[in-house]
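Undergrad: I'd like to ask you about the structure that follows.
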Amino acid sequence: MSIIREEKAMRRITDYCAKSEQSRADVCEKLKRWNIDNKVIEGMLHALEVSGFINDDRFSRSFVNDKLRLDKWGRLKIAQALDLRNIPEAVYRPYLNDIDEDEYIAGLKHLLNMKKRSIEGKNKKDKEARLIRFAASRGFEMQYIRQCLNLPGE
């Protein structure tokens, strides 16, 4: 790979990282799609980390916050998405644990109330089952789903 092409790729990737938080794995994948040599990629990733353009800890904090507040995801779905981005659990777990319980439950209650308006069911049990599946698909834990729907525990 020519030096000019490497410099252009580095400029493009720093611009990309400056616009929004990116994980190391996401940046690596993007550079691979640009057909950049693996040794060059490792050097670029190191330079981006040293200069502060990528930081998996900062990315995790931002990701957890955004997915919780903007996309209304539960802890399970957020954790799965971060695992898929190759973020170590030790990096993101503290941010999941820092989620305020009252805010988390209030968000789930709001989500369930909004969904309740749009679902139809044959009976109360059918509606509850649909709401449970919906909340579980959003990554909320069963204990919180049961609590918000006032269902008995197992």
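Residues in the structure tokens are named by chain (A, B, ... in the order shown) and by number from 1 within that chain; ligands are numbered from 1 in the order shown.
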Please, which residues of chain A, numbered as in this document, come out helix (DSSP H, G or I) from DSSP, as a PyMOL selection string?
TA: chain A and resi 3-19+24-33+38-50+56-69+75-84+89-97+101-118+124-137+142-148
Undergrad: Using only C-alpha atoms, find the one residue out of A:Phe63, A:Asn123, A:Gly74, A:Lys115 that sits nearest to Tyr95 (chain A).
TA: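 Between A:Phe63, A:Asn123, A:Gly74, A:Lys115, the residue approaching Tyr95 (chain A) most closely is A:Phe63.
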Undergrad: Considering only C-alpha atoms, state which residue in the set A:Ala18, A:Ala90, A:Ala47, A:Ala81 is at the smallest distance from Gly139 (chain A).
TA: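 So, comparing all the options, the nearest one is A:Ala81.
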Undergrad: I'd like the contact shell of region 96-100 of chain A - 8 Å cut-off, only C-alpha atoms, skipping same-chain residues fewer than 4 positions apart - returned as a VMD selection string.
TA: chain A and resid 64 75 79 92 104
Undergrad: Counting only C-alpha atoms, which of A:Ile132, A:Leu31, A:Leu48, A:Leu70 gets nearest to Lys109 (chain A)?
TA: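 Among the listed residues, A:Ile132 lies closest to Lys109 (chain A).
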Undergrad: Please provide as number ranges by chain all residues within 10 Å of Asp37 (chain A), with the sequence filter that same-chain residues fewer than 5 positions apart are discarded (counting only C-alpha atoms).
TA: A: 1, 6, 31-32, 42
Undergrad: Please report the interatomic distance between CA of Arg130 (chain A) and CA of Pro152 (chain A) in Å with one decimal.
TA: 16.6 Å
Undergrad: Which residues are close to Ala135 (chain A), i.e. within 10 Å by only C-alpha atoms, leaving aside same-chain residues fewer than 6 positions away? Reply as number ranges by chain.
TA: A: 72-74, 108-109, 111-112, 115, 129, 141-142, 144-145
